[in-house]
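Pasted below: final_15.tsv, TSV, C-alpha atoms.
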```tsv
chain	number	residue	atom	x	y	z
A	23	MET	CA	16.36	152.63	177.13
A	24	SER	CA	17.75	150.88	180.20
A	25	HIS	CA	21.49	150.62	180.81
A	26	ARG	CA	23.22	148.52	178.16
A	27	VAL	CA	26.44	146.58	178.58
A	28	PHE	CA	29.26	146.48	176.04
A	29	ASN	CA	28.37	143.26	174.22
A	30	PHE	CA	31.38	141.75	172.40
A	31	SER	CA	29.43	138.74	171.10
A	32	ALA	CA	30.50	137.36	167.71
A	33	GLY	CA	26.90	136.95	166.58
A	34	PRO	CA	24.08	137.44	167.12
A	35	ALA	CA	25.80	140.63	168.08
A	36	THR	CA	25.31	144.13	169.41
A	37	LEU	CA	23.10	146.39	167.30
A	38	PRO	CA	22.74	150.19	167.12
A	39	GLU	CA	20.35	151.54	169.75
A	40	GLU	CA	18.75	153.87	167.21
A	41	VAL	CA	18.00	150.90	164.97
A	42	LEU	CA	16.65	148.81	167.84
A	43	GLU	CA	14.35	151.61	168.95
A	44	ALA	CA	13.04	152.37	165.45
A	45	SER	CA	12.49	148.68	164.72
A	46	ALA	CA	10.77	148.11	168.06
A	47	ALA	CA	8.38	150.97	167.34
A	48	ALA	CA	7.61	149.60	163.87
A	49	LEU	CA	7.04	146.15	165.38
A	50	VAL	CA	4.22	147.54	167.52
A	51	ASP	CA	2.68	150.08	165.12
A	52	TYR	CA	3.99	150.60	161.60
A	53	GLN	CA	3.52	154.18	160.39
A	54	GLY	CA	0.41	154.63	162.55
A	55	LYS	CA	-1.50	151.94	160.67
A	56	GLY	CA	-2.58	150.07	163.79
A	57	PHE	CA	-0.53	146.96	162.98
A	58	GLY	CA	3.14	146.11	163.22
A	59	ILE	CA	5.56	145.52	160.38
A	60	ALA	CA	5.77	141.82	161.29
A	61	GLU	CA	1.98	141.54	160.95
A	62	CYS	CA	1.52	142.73	157.38
A	63	SER	CA	1.49	140.55	154.27
A	64	HIS	CA	4.76	140.01	152.46
A	65	ARG	CA	2.76	140.59	149.28
A	66	GLY	CA	1.15	143.81	150.45
A	67	LYS	CA	2.12	147.35	149.50
A	68	GLU	CA	3.60	148.12	152.92
A	69	PHE	CA	6.20	145.39	152.77
A	70	ASP	CA	6.79	145.92	149.06
A	71	GLN	CA	7.81	149.48	149.90
A	72	VAL	CA	10.17	148.15	152.60
A	73	LEU	CA	11.83	145.83	150.09
A	74	ASP	CA	12.22	148.59	147.52
A	75	GLU	CA	13.73	151.08	149.96
A	76	ALA	CA	16.03	148.49	151.55
A	77	THR	CA	17.34	147.45	148.14
A	78	GLU	CA	17.78	151.04	146.98
A	79	ARG	CA	19.77	151.94	150.10
A	80	CYS	CA	21.80	148.73	149.93
A	81	ARG	CA	22.72	149.51	146.32
A	82	ARG	CA	23.69	153.05	147.22
A	83	LEU	CA	25.82	152.07	150.22
A	84	LEU	CA	27.75	149.42	148.33
A	85	SER	CA	27.69	151.06	144.87
A	86	ILE	CA	26.11	147.89	143.46
A	87	PRO	CA	26.02	147.94	139.66
A	88	GLU	CA	22.87	147.05	137.70
A	89	SER	CA	24.58	143.80	136.67
A	90	HIS	CA	23.95	142.42	140.18
A	91	ASP	CA	20.80	141.46	142.10
A	92	VAL	CA	20.18	142.01	145.81
A	93	LEU	CA	18.47	139.05	147.48
A	94	TYR	CA	17.17	138.53	151.02
A	95	LEU	CA	17.38	134.82	151.81
A	96	GLN	CA	16.93	132.37	154.68
A	97	GLY	CA	19.07	129.51	155.93
A	98	GLY	CA	22.10	131.58	156.88
A	99	ALA	CA	25.45	131.66	155.12
A	100	THR	CA	25.73	127.96	155.98
A	101	GLN	CA	22.89	127.13	153.59
A	102	LEU	CA	24.68	129.02	150.83
A	103	PHE	CA	27.72	126.79	151.38
A	104	SER	CA	25.57	124.16	149.67
A	105	THR	CA	23.28	126.16	147.39
A	106	LEU	CA	26.02	128.18	145.68
A	107	PRO	CA	27.76	125.11	144.19
A	108	MET	CA	24.34	123.56	143.54
A	109	ASN	CA	23.49	126.53	141.32
A	110	PHE	CA	26.77	127.63	139.79
A	111	LEU	CA	29.23	124.75	139.67
A	112	ALA	CA	27.90	123.01	136.56
A	113	ALA	CA	29.36	125.48	134.08
A	114	GLU	CA	30.19	124.30	130.56
A	115	GLY	CA	33.80	124.96	129.61
A	116	LEU	CA	34.89	125.86	133.14
A	117	GLY	CA	36.98	123.86	135.59
A	118	PRO	CA	36.38	122.88	139.22
A	119	ALA	CA	35.48	125.47	141.83
A	120	GLU	CA	38.48	126.55	143.91
A	121	TYR	CA	38.42	127.32	147.64
A	122	VAL	CA	40.91	129.16	149.81
A	123	VAL	CA	40.63	127.91	153.41
A	124	GLY	CA	41.81	130.34	156.06
A	125	GLY	CA	39.70	129.40	159.06
A	126	GLU	CA	36.64	127.71	160.50
A	127	TRP	CA	34.07	129.14	158.11
A	128	SER	CA	35.92	128.80	154.82
A	129	LYS	CA	36.76	125.23	155.85
A	130	LYS	CA	33.07	124.49	156.44
A	131	ALA	CA	32.19	126.03	153.07
A	132	ALA	CA	34.75	123.86	151.27
A	133	GLN	CA	33.67	120.71	153.12
A	134	ALA	CA	30.01	121.28	152.22
A	135	ALA	CA	30.85	121.77	148.54
A	136	GLN	CA	33.23	118.80	148.39
A	137	GLY	CA	30.76	116.56	150.21
A	138	ALA	CA	28.17	117.11	147.49
A	139	HIS	CA	30.34	117.59	144.41
A	140	GLY	CA	33.56	115.66	145.03
A	141	ASP	CA	36.42	116.38	142.66
A	142	GLN	CA	34.53	119.27	141.08
A	143	VAL	CA	35.72	121.24	144.12
A	144	ARG	CA	39.38	121.86	144.96
A	145	VAL	CA	41.01	123.42	148.02
A	146	ILE	CA	43.93	125.32	146.50
A	147	ALA	CA	45.34	126.79	149.72
A	148	SER	CA	44.95	126.37	153.47
A	149	SER	CA	46.57	127.78	156.60
A	150	GLU	CA	45.29	124.97	158.83
A	151	GLU	CA	48.78	123.59	159.47
A	152	SER	CA	49.70	126.81	161.31
A	153	GLY	CA	46.45	126.78	163.27
A	154	PHE	CA	44.74	129.26	160.96
A	155	ASP	CA	46.90	132.03	162.39
A	156	ARG	CA	46.86	133.91	159.07
A	157	PRO	CA	45.20	133.86	155.65
A	158	PRO	CA	46.88	131.44	153.23
A	159	THR	CA	49.61	133.00	151.10
A	160	GLY	CA	51.49	132.08	147.95
A	161	TRP	CA	48.54	130.64	146.10
A	162	SER	CA	47.10	131.35	142.68
A	163	ALA	CA	43.71	130.44	141.28
A	164	SER	CA	42.89	129.23	137.81
A	165	ALA	CA	41.15	131.85	135.70
A	166	ASN	CA	39.14	128.95	134.30
A	167	ALA	CA	37.76	127.89	137.69
A	168	SER	CA	33.97	127.83	137.91
A	169	TYR	CA	34.49	130.24	140.77
A	170	LEU	CA	37.01	131.17	143.45
A	171	HIS	CA	35.56	131.10	146.98
A	172	VAL	CA	37.06	133.00	149.93
A	173	CYS	CA	35.94	134.10	153.38
A	174	SER	CA	36.96	137.74	153.72
A	175	ASN	CA	36.96	137.83	157.53
A	176	GLU	CA	37.47	134.75	159.68
A	177	THR	CA	35.38	135.37	162.79
A	178	VAL	CA	36.86	132.54	164.86
A	179	HIS	CA	40.54	133.17	164.19
A	180	GLY	CA	40.54	136.96	163.95
A	181	HIS	CA	42.07	137.69	160.55
A	182	ARG	CA	40.84	139.14	157.28
A	183	LEU	CA	41.73	139.63	153.65
A	184	ALA	CA	42.77	143.28	153.68
A	185	GLU	CA	42.36	143.22	149.89
A	186	TRP	CA	39.96	140.86	148.14
A	187	PRO	CA	41.62	138.77	145.41
A	188	GLU	CA	41.04	139.23	141.71
A	189	HIS	CA	39.13	136.55	139.80
A	190	PRO	CA	36.59	136.55	136.96
A	191	ASN	CA	34.12	134.73	139.23
A	192	LEU	CA	34.94	135.69	142.82
A	193	PHE	CA	32.57	134.39	145.52
A	194	VAL	CA	32.98	136.02	148.94
A	195	ASP	CA	31.53	134.99	152.28
A	196	ALA	CA	31.61	138.40	153.95
A	197	SER	CA	29.32	137.50	156.85
A	198	SER	CA	31.34	139.05	159.66
A	199	GLU	CA	32.42	142.20	157.86
A	200	MET	CA	29.57	143.04	155.50
A	201	MET	CA	29.26	146.83	155.23
A	202	SER	CA	32.05	147.43	157.74
A	203	ARG	CA	33.99	149.02	154.88
A	204	PRO	CA	33.48	149.57	151.14
A	205	HIS	CA	33.49	146.34	149.14
A	206	PRO	CA	34.51	145.95	145.46
A	207	VAL	CA	31.12	144.65	144.34
A	208	ASP	CA	31.71	145.51	140.69
A	209	ARG	CA	34.51	142.93	140.39
A	210	THR	CA	32.80	140.28	142.49
A	211	ALA	CA	30.40	137.60	141.23
A	212	VAL	CA	28.76	136.74	144.57
A	213	ILE	CA	28.91	138.34	148.03
A	214	TYR	CA	26.85	136.86	150.83
A	215	ALA	CA	26.47	137.43	154.55
A	216	GLY	CA	24.38	136.26	157.45
A	217	ALA	CA	22.92	139.45	158.90
A	218	GLN	CA	23.41	138.52	162.55
A	219	LYS	CA	27.04	139.55	162.82
A	220	ASN	CA	27.11	143.10	161.48
A	221	LEU	CA	23.74	144.11	160.02
A	222	GLY	CA	20.76	142.90	161.99
A	223	PRO	CA	19.04	139.98	163.71
A	224	SER	CA	19.54	136.35	162.79
A	225	GLY	CA	17.25	134.92	160.14
A	226	VAL	CA	18.20	137.01	157.09
A	227	THR	CA	21.00	136.36	154.64
A	228	LEU	CA	21.94	139.18	152.30
A	229	ALA	CA	23.23	137.99	148.92
A	230	ILE	CA	24.50	140.04	145.98
A	231	ILE	CA	24.54	137.93	142.81
A	232	ARG	CA	25.85	138.81	139.36
A	233	ARG	CA	23.01	138.05	136.95
A	234	ASP	CA	25.05	136.44	134.20
A	235	LEU	CA	25.59	133.47	136.55
A	236	TYR	CA	21.95	132.46	136.26
A	237	SER	CA	22.51	130.81	132.89
A	238	ARG	CA	24.57	128.14	134.69
A	239	ILE	CA	21.76	126.93	136.94
A	240	PRO	CA	20.76	123.31	136.23
A	241	LYS	CA	17.07	122.57	135.74
A	242	SER	CA	17.31	120.06	138.59
A	243	VAL	CA	17.79	122.79	141.22
A	244	PRO	CA	14.58	123.10	143.29
A	245	LYS	CA	12.85	126.46	142.91
A	246	ILE	CA	13.31	127.36	146.57
A	247	PHE	CA	17.11	127.13	146.12
A	248	ASN	CA	17.25	128.57	142.60
A	249	PHE	CA	18.75	132.06	142.71
A	250	LYS	CA	17.18	133.11	139.40
A	251	VAL	CA	13.73	132.10	140.59
A	252	LEU	CA	14.27	133.84	143.93
A	253	SER	CA	15.38	136.99	142.12
A	254	GLU	CA	12.35	136.97	139.80
A	255	ALA	CA	10.14	136.56	142.88
A	256	LYS	CA	11.78	139.58	144.53
A	257	SER	CA	12.96	137.34	147.40
A	258	CYS	CA	9.31	136.46	148.05
A	259	LEU	CA	8.92	133.03	146.48
A	260	ASN	CA	7.82	131.97	149.94
A	261	THR	CA	7.29	134.14	153.02
A	262	PRO	CA	10.61	135.89	153.71
A	263	PRO	CA	11.81	136.98	157.18
A	264	THR	CA	9.83	140.22	156.96
A	265	PHE	CA	10.79	141.77	160.29
A	266	GLY	CA	14.46	140.94	159.77
A	267	ILE	CA	14.38	142.64	156.36
A	268	TYR	CA	12.73	145.69	157.90
A	269	PHE	CA	15.51	145.74	160.50
A	270	LEU	CA	18.06	145.73	157.66
A	271	LEU	CA	16.33	148.78	156.22
A	272	GLU	CA	16.75	150.60	159.52
A	273	SER	CA	20.41	149.51	159.62
A	274	PHE	CA	20.97	150.87	156.11
A	275	ARG	CA	19.35	154.17	157.12
A	276	TRP	CA	21.62	154.30	160.16
A	277	LEU	CA	24.73	153.59	158.09
A	278	GLU	CA	23.87	156.43	155.75
A	279	ARG	CA	23.41	158.76	158.72
A	280	GLN	CA	26.91	157.79	159.91
A	281	GLY	CA	28.36	159.01	156.62
A	282	GLY	CA	28.42	155.75	154.65
A	283	LEU	CA	30.91	152.93	154.50
A	284	GLU	CA	34.04	155.08	154.17
A	285	ALA	CA	33.19	156.77	157.47
A	286	ILE	CA	32.33	153.43	159.09
A	287	GLU	CA	35.64	151.95	157.95
A	288	LYS	CA	37.57	154.83	159.50
A	289	ARG	CA	35.70	154.41	162.77
A	290	ASN	CA	36.21	150.63	162.79
A	291	THR	CA	39.94	151.00	162.13
A	292	GLU	CA	40.29	153.37	165.06
A	293	LYS	CA	38.25	151.09	167.34
A	294	ALA	CA	40.35	148.04	166.51
A	295	GLY	CA	43.53	150.06	166.99
A	296	LEU	CA	42.61	150.80	170.61
A	297	ILE	CA	42.59	147.09	171.49
A	298	TYR	CA	45.54	146.07	169.33
A	299	ASP	CA	47.60	148.81	170.95
A	300	ALA	CA	46.78	147.34	174.38
A	301	ILE	CA	47.97	143.95	173.12
A	302	ASP	CA	51.14	145.22	171.46
A	303	SER	CA	52.16	147.41	174.39
A	304	SER	CA	51.71	144.62	176.97
A	305	GLY	CA	55.24	143.23	176.63
A	306	GLY	CA	53.89	139.82	175.68
A	307	TYR	CA	51.37	139.54	178.51
A	308	TYR	CA	48.66	139.54	175.87
A	309	THR	CA	49.48	137.54	172.76
A	310	GLY	CA	47.61	138.16	169.55
A	311	THR	CA	46.66	134.99	167.69
A	312	VAL	CA	47.26	136.40	164.19
A	313	ALA	CA	50.84	136.07	162.98
A	314	ASP	CA	50.55	138.57	160.13
A	315	HIS	CA	49.61	141.90	161.68
A	316	SER	CA	48.57	143.34	158.33
A	317	SER	CA	45.82	140.72	158.25
A	318	ARG	CA	44.39	141.38	161.69
A	319	SER	CA	40.63	141.61	161.64
A	320	HIS	CA	38.95	144.91	162.42
A	321	MET	CA	35.81	143.04	163.46
A	322	ASN	CA	37.06	140.20	165.69
A	323	VAL	CA	40.11	140.86	167.88
A	324	THR	CA	41.57	137.61	169.24
A	325	PHE	CA	44.27	137.21	171.88
A	326	ARG	CA	45.48	135.04	174.74
A	327	LEU	CA	46.55	135.62	178.34
A	328	PRO	CA	49.46	133.81	180.06
A	329	ASN	CA	47.29	130.89	181.20
A	330	GLU	CA	43.71	129.62	181.45
A	331	ASP	CA	43.30	130.74	185.06
A	332	PHE	CA	44.04	134.33	184.08
A	333	THR	CA	41.69	133.98	181.10
A	334	GLU	CA	38.77	132.96	183.31
A	335	ARG	CA	39.54	135.74	185.79
A	336	PHE	CA	39.76	138.22	182.93
A	337	ILE	CA	36.34	137.22	181.58
A	338	LYS	CA	34.71	137.42	185.02
A	339	GLY	CA	36.38	140.74	185.83
A	340	ALA	CA	35.32	142.24	182.52
A	341	ALA	CA	31.71	141.17	183.14
A	342	GLN	CA	31.78	143.04	186.45
A	343	GLU	CA	32.73	146.12	184.42
A	344	ALA	CA	29.76	145.62	182.05
A	345	MET	CA	31.73	143.94	179.24
A	346	VAL	CA	30.29	140.59	178.19
A	347	ALA	CA	30.74	137.77	175.63
A	348	LEU	CA	34.56	137.94	175.51
A	349	LYS	CA	35.23	134.21	175.67
A	350	GLY	CA	36.96	132.85	172.58
A	351	TYR	CA	35.40	130.32	170.23
A	352	ARG	CA	35.03	126.90	171.84
A	353	SER	CA	37.67	125.19	169.67
A	354	VAL	CA	40.19	128.02	170.03
A	355	GLY	CA	39.87	129.47	173.54
A	356	GLY	CA	41.45	132.71	174.69
A	357	ILE	CA	39.64	136.01	174.25
A	358	ARG	CA	37.64	137.27	171.29
A	359	ALA	CA	36.31	140.82	171.23
A	360	SER	CA	33.90	141.30	168.35
A	361	ILE	CA	33.60	145.00	167.59
A	362	TYR	CA	31.14	145.28	164.73
A	363	ASN	CA	29.73	148.55	163.40
A	364	ALA	CA	27.38	149.01	166.35
A	365	MET	CA	30.10	148.68	169.01
A	366	PRO	CA	30.84	152.25	170.15
A	367	ALA	CA	34.42	153.45	170.42
A	368	GLU	CA	33.84	153.82	174.16
A	369	GLY	CA	33.40	150.05	174.42
A	370	CYS	CA	36.80	149.44	172.82
A	371	ARG	CA	38.39	152.14	174.96
A	372	THR	CA	36.89	150.62	178.12
A	373	LEU	CA	38.18	147.17	177.19
A	374	ALA	CA	41.68	148.49	176.46
A	375	GLN	CA	41.76	150.28	179.82
A	376	PHE	CA	40.58	147.11	181.58
A	377	MET	CA	43.32	145.10	179.83
A	378	ARG	CA	45.97	147.45	181.18
A	379	SER	CA	44.58	147.49	184.71
A	380	PHE	CA	44.17	143.69	184.72
A	381	GLN	CA	47.78	143.24	183.66
A	382	ALA	CA	48.97	145.65	186.35
A	383	ALA	CA	47.06	143.69	188.99
A	384	ASN	CA	47.89	140.20	187.69
A	385	GLY	CA	51.22	140.55	185.90
```

Show me this structure written as structure tokens.
Amino acid sequence: MSHRVFNFSAGPATLPEEVLEASAAALVDYQGKGFGIAECSHRGKEFDQVLDEATERCRRLLSIPESHDVLYLQGGATQLFSTLPMNFLAAEGLGPAEYVVGGEWSKKAAQAAQGAHGDQVRVIASSEESGFDRPPTGWSASANASYLHVCSNETVHGHRLAEWPEHPNLFVDASSEMMSRPHPVDRTAVIYAGAQKNLGPSGVTLAIIRRDLYSRIPKSVPKIFNFKVLSEAKSCLNTPPTFGIYFLLESFRWLERQGGLEAIEKRNTEKAGLIYDAIDSSGGYYTGTVADHSSRSHMNVTFRLPNEDFTERFIKGAAQEAMVALKGYRSVGGIRASIYNAMPAEGCRTLAQFMRSFQAANG
């Protein structure tokens, strides 16, 4: 493969070279059959085997209990902002759904649910007043809520929930940290993630749904948005994103070869530490945007330089050193280094070294 840069994009994001190469080969000729994996029927035996193996490996990696289904959906996590309340909010004997808003994506999720369901949806905590510089604290959810919704890692603002909260019906948008560490699936009702940040190409949404929720689904929900129907159809009610699902299979194989999620978590912690150390040892030249250091994301490291001129020079200088996509989110600015599973430690080390040399030259 030709020379690759260190791509710090927040998503679609860098992917493991081994996975890219294996998927590219399967795209041209799948198992020597004379056709590619994107050319075979989603109802044929070849793709059925892909679905079965992907689901088996996903279950093994995340220790998913039999009480939960694994679904491969379309529409991104953003579509689930609407379809989750559509399916699961109308629950007899339960109260409104409750949302904790800690950043851009949990805010969008709450707005989508409130826009469609009004006072059946409550925001019980928000850190917007402090610029989303931390997850909200000091809140408590009602055990009788239809569900409690959180975003476990806020991609834009660079913080995470180090520990997921407890709730009988916990819904987690884990898009930007899915499979970056072990997740407590057994005590979670729904986990969902757009694949394009940490697992694969855009176009696939991985959802893990506890089956007992299906009894809540109103008859008015269209089949294409009905999670029970989608589960019974093995994610193939209509044509699913077949190549994207195959890519997930290769990602799951790769994760197992790395030693599983415990090993990946250790690696990700060390990678993030390289950059945070460069921030913390800069004497204030670099300023992290997350007030609570214990909540710093291990996937999206966000920081600022002394002024916008230095920020632009930093981004251009980094690109000359083969480090790209470091510009912060458009509404936030600064620098964002997204260091998902596929980012090698050498990329984080190179960025940290550049940060120190840039400060020495521009301090």

request  = Find the residue from A:Ser168, A:Asp314, A:Phe269, A:Ala99 that sits nearest to Ala46 of chain A; use all atoms listed in the file when measuring.
outcome  = A:Phe269

query = Counting all atoms listed in the file, what is within 7 Å of segment 149-161 of chain A, bar same-chain residues fewer than 2 positions away, as a PyMOL selection string?
reply = chain A and resi 123-125+147+163+179+181+311-314+317

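With all atoms listed in the file as the atoms that count, the minimum distance from Glu39 of chain A to the choices A:Gln381, A:Gln280, A:Ser273, A:Gln96 is reached by A:Ser273.
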
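Between atom CA of Arg65 of chain A and atom CA of Pro263 of chain A the separation is 12.5 Å.
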
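Among the candidates A:Leu192, A:Ser202, A:Asn322, A:Val251, the residue lying nearest to Ala285 of chain A is A:Ser202 (atoms considered: all atoms listed in the file).
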
inquiry  = Just want the 10 Å neighbourhood of Phe247 of chain A, counted on only C-alpha atoms, with same-chain residues fewer than 3 positions away dropped. Output as a PyMOL selection string.
reply    = chain A and resi 95+101-102+104-106+108-109+243-244+250-252

Residues within 7 Å of Phe28 of chain A, all atoms listed in the file, excluding chain neighbours under 2 positions, as a list in words = Arg26, Phe30, Ala344, Met345, Val346 and Gly369 of chain A

Specify the axis-aligned box that encloses all atoms of segment 328-337 of chain A listed in the file after padding of 4 Å on each side, stating its centre and edge lengths in Å to one decimal as JSON.
```
{"center_x": 42.9, "center_y": 133.9, "center_z": 182.9, "size_x": 21.1, "size_y": 16.6, "size_z": 13.7}
```

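Atom CA of Glu75 of chain A is positioned 13.1 Å from atom CA of Tyr94 of chain A.
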
task = Tell me which of A:Cys370, A:Val226, A:Leu221, A:Lys349 sits closest to Ala294 of chain A, counting all atoms listed in the file.
result = A:Cys370

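The coordinates place atom CA of Leu37 of chain A at 22.6 Å from atom CA of Phe376 of chain A.
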
task = Between A:Thr100, A:Ser174, A:Gln133, A:Thr261, single out the one closest to Gly66 of chain A, counting only C-alpha atoms.
result = A:Thr261

With only C-alpha atoms counted, which protein, DNA or RNA residues have an atom no more than 12 Å from (32.2, 148.7, 174.6) in the file frame? Please answer as a compact mmCIF listing (two decimals) with C-alpha atoms, keeping the file's coordinate frame.
```txt
# COMPACT_ATOMS: atom_id res chain seq x y z
CA ARG A 26 23.22 148.52 178.16
CA VAL A 27 26.44 146.58 178.58
CA PHE A 28 29.26 146.48 176.04
CA ASN A 29 28.37 143.26 174.22
CA PHE A 30 31.38 141.75 172.40
CA SER A 31 29.43 138.74 171.10
CA THR A 36 25.31 144.13 169.41
CA LEU A 37 23.10 146.39 167.30
CA LYS A 293 38.25 151.09 167.34
CA ALA A 294 40.35 148.04 166.51
CA LEU A 296 42.61 150.80 170.61
CA ILE A 297 42.59 147.09 171.49
CA ALA A 340 35.32 142.24 182.52
CA ALA A 341 31.71 141.17 183.14
CA GLU A 343 32.73 146.12 184.42
CA ALA A 344 29.76 145.62 182.05
CA MET A 345 31.73 143.94 179.24
CA VAL A 346 30.29 140.59 178.19
CA ALA A 347 30.74 137.77 175.63
CA LEU A 348 34.56 137.94 175.51
CA ALA A 359 36.31 140.82 171.23
CA SER A 360 33.90 141.30 168.35
CA ILE A 361 33.60 145.00 167.59
CA TYR A 362 31.14 145.28 164.73
CA ASN A 363 29.73 148.55 163.40
CA ALA A 364 27.38 149.01 166.35
CA MET A 365 30.10 148.68 169.01
CA PRO A 366 30.84 152.25 170.15
CA ALA A 367 34.42 153.45 170.42
CA GLU A 368 33.84 153.82 174.16
CA GLY A 369 33.40 150.05 174.42
CA CYS A 370 36.80 149.44 172.82
CA ARG A 371 38.39 152.14 174.96
CA THR A 372 36.89 150.62 178.12
CA LEU A 373 38.18 147.17 177.19
CA ALA A 374 41.68 148.49 176.46
CA GLN A 375 41.76 150.28 179.82
CA PHE A 376 40.58 147.11 181.58
```

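Considering the residues A:Gly216, A:Gly306, A:Pro223, A:Pro107 and counting all atoms listed in the file, Arg238 of chain A has its shortest atom-to-atom contact with A:Pro107.
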
key: Selection: 9 Å around Arg79 of chain A, only C-alpha atoms, excl. self and same-chain fewer than 6 positions, as a PyMOL selection string   = chain A and resi 271+274-275+278

message = Report as a count of residues only all protein, DNA and RNA residues lying within 8 Å of Phe265 of chain A, evaluated on all atoms listed in the file, omitting residues in the same chain fewer than 4 positions from it.
response = 4

How would you write as a JSON list (two decimals) with C-alpha atoms, in the coordinates of the input the residues that get within 9 Å of (43.1, 139.9, 179.4) in the file's frame, counting all atoms listed in the file?
```
[["chain", "number", "residue", "atom", "x", "y", "z"],
["A", 301, "ILE", "CA", 47.97, 143.95, 173.12],
["A", 307, "TYR", "CA", 51.37, 139.54, 178.51],
["A", 308, "TYR", "CA", 48.66, 139.54, 175.87],
["A", 325, "PHE", "CA", 44.27, 137.21, 171.88],
["A", 326, "ARG", "CA", 45.48, 135.04, 174.74],
["A", 327, "LEU", "CA", 46.55, 135.62, 178.34],
["A", 328, "PRO", "CA", 49.46, 133.81, 180.06],
["A", 332, "PHE", "CA", 44.04, 134.33, 184.08],
["A", 333, "THR", "CA", 41.69, 133.98, 181.10],
["A", 335, "ARG", "CA", 39.54, 135.74, 185.79],
["A", 336, "PHE", "CA", 39.76, 138.22, 182.93],
["A", 337, "ILE", "CA", 36.34, 137.22, 181.58],
["A", 340, "ALA", "CA", 35.32, 142.24, 182.52],
["A", 356, "GLY", "CA", 41.45, 132.71, 174.69],
["A", 357, "ILE", "CA", 39.64, 136.01, 174.25],
["A", 376, "PHE", "CA", 40.58, 147.11, 181.58],
["A", 377, "MET", "CA", 43.32, 145.10, 179.83],
["A", 378, "ARG", "CA", 45.97, 147.45, 181.18],
["A", 380, "PHE", "CA", 44.17, 143.69, 184.72],
["A", 381, "GLN", "CA", 47.78, 143.24, 183.66]]
```

Could you rebuild segment 26-30 of chain A with all heavy atoms and give me the result as a compact mmCIF listing (two decimals), in the coordinates of the input?
```
# COMPACT_ATOMS: atom_id res chain seq x y z
N ARG A 26 22.75 149.60 179.02
CA ARG A 26 23.22 148.52 178.16
C ARG A 26 24.69 148.26 178.42
O ARG A 26 25.48 149.18 178.60
CB ARG A 26 23.01 148.88 176.68
CG ARG A 26 21.54 148.84 176.27
CD ARG A 26 21.33 149.40 174.88
NE ARG A 26 22.07 148.71 173.84
CZ ARG A 26 21.68 147.56 173.28
NH1 ARG A 26 20.58 146.95 173.68
NH2 ARG A 26 22.40 147.00 172.32
N VAL A 27 25.05 146.97 178.42
CA VAL A 27 26.44 146.58 178.58
C VAL A 27 27.16 146.71 177.24
O VAL A 27 26.54 146.88 176.19
CB VAL A 27 26.56 145.14 179.11
CG1 VAL A 27 25.88 145.01 180.47
CG2 VAL A 27 25.97 144.15 178.11
N PHE A 28 28.48 146.60 177.27
CA PHE A 28 29.26 146.48 176.04
C PHE A 28 29.29 144.99 175.68
O PHE A 28 29.92 144.18 176.35
CB PHE A 28 30.67 147.02 176.23
CG PHE A 28 30.71 148.51 176.45
CD1 PHE A 28 31.32 149.05 177.59
CD2 PHE A 28 30.15 149.38 175.54
CE1 PHE A 28 31.36 150.41 177.80
CE2 PHE A 28 30.18 150.76 175.75
CZ PHE A 28 30.79 151.28 176.88
N ASN A 29 28.57 144.65 174.62
CA ASN A 29 28.37 143.26 174.22
C ASN A 29 29.34 142.93 173.09
O ASN A 29 29.16 143.37 171.96
CB ASN A 29 26.93 143.07 173.78
CG ASN A 29 26.65 141.67 173.26
OD1 ASN A 29 27.46 140.75 173.43
ND2 ASN A 29 25.50 141.50 172.63
N PHE A 30 30.35 142.11 173.39
CA PHE A 30 31.38 141.75 172.40
C PHE A 30 31.07 140.42 171.72
O PHE A 30 31.98 139.78 171.19
CB PHE A 30 32.75 141.70 173.09
CG PHE A 30 33.25 143.05 173.54
CD1 PHE A 30 33.05 143.49 174.84
CD2 PHE A 30 33.93 143.89 172.67
CE1 PHE A 30 33.50 144.73 175.26
CE2 PHE A 30 34.39 145.13 173.07
CZ PHE A 30 34.18 145.56 174.37
```
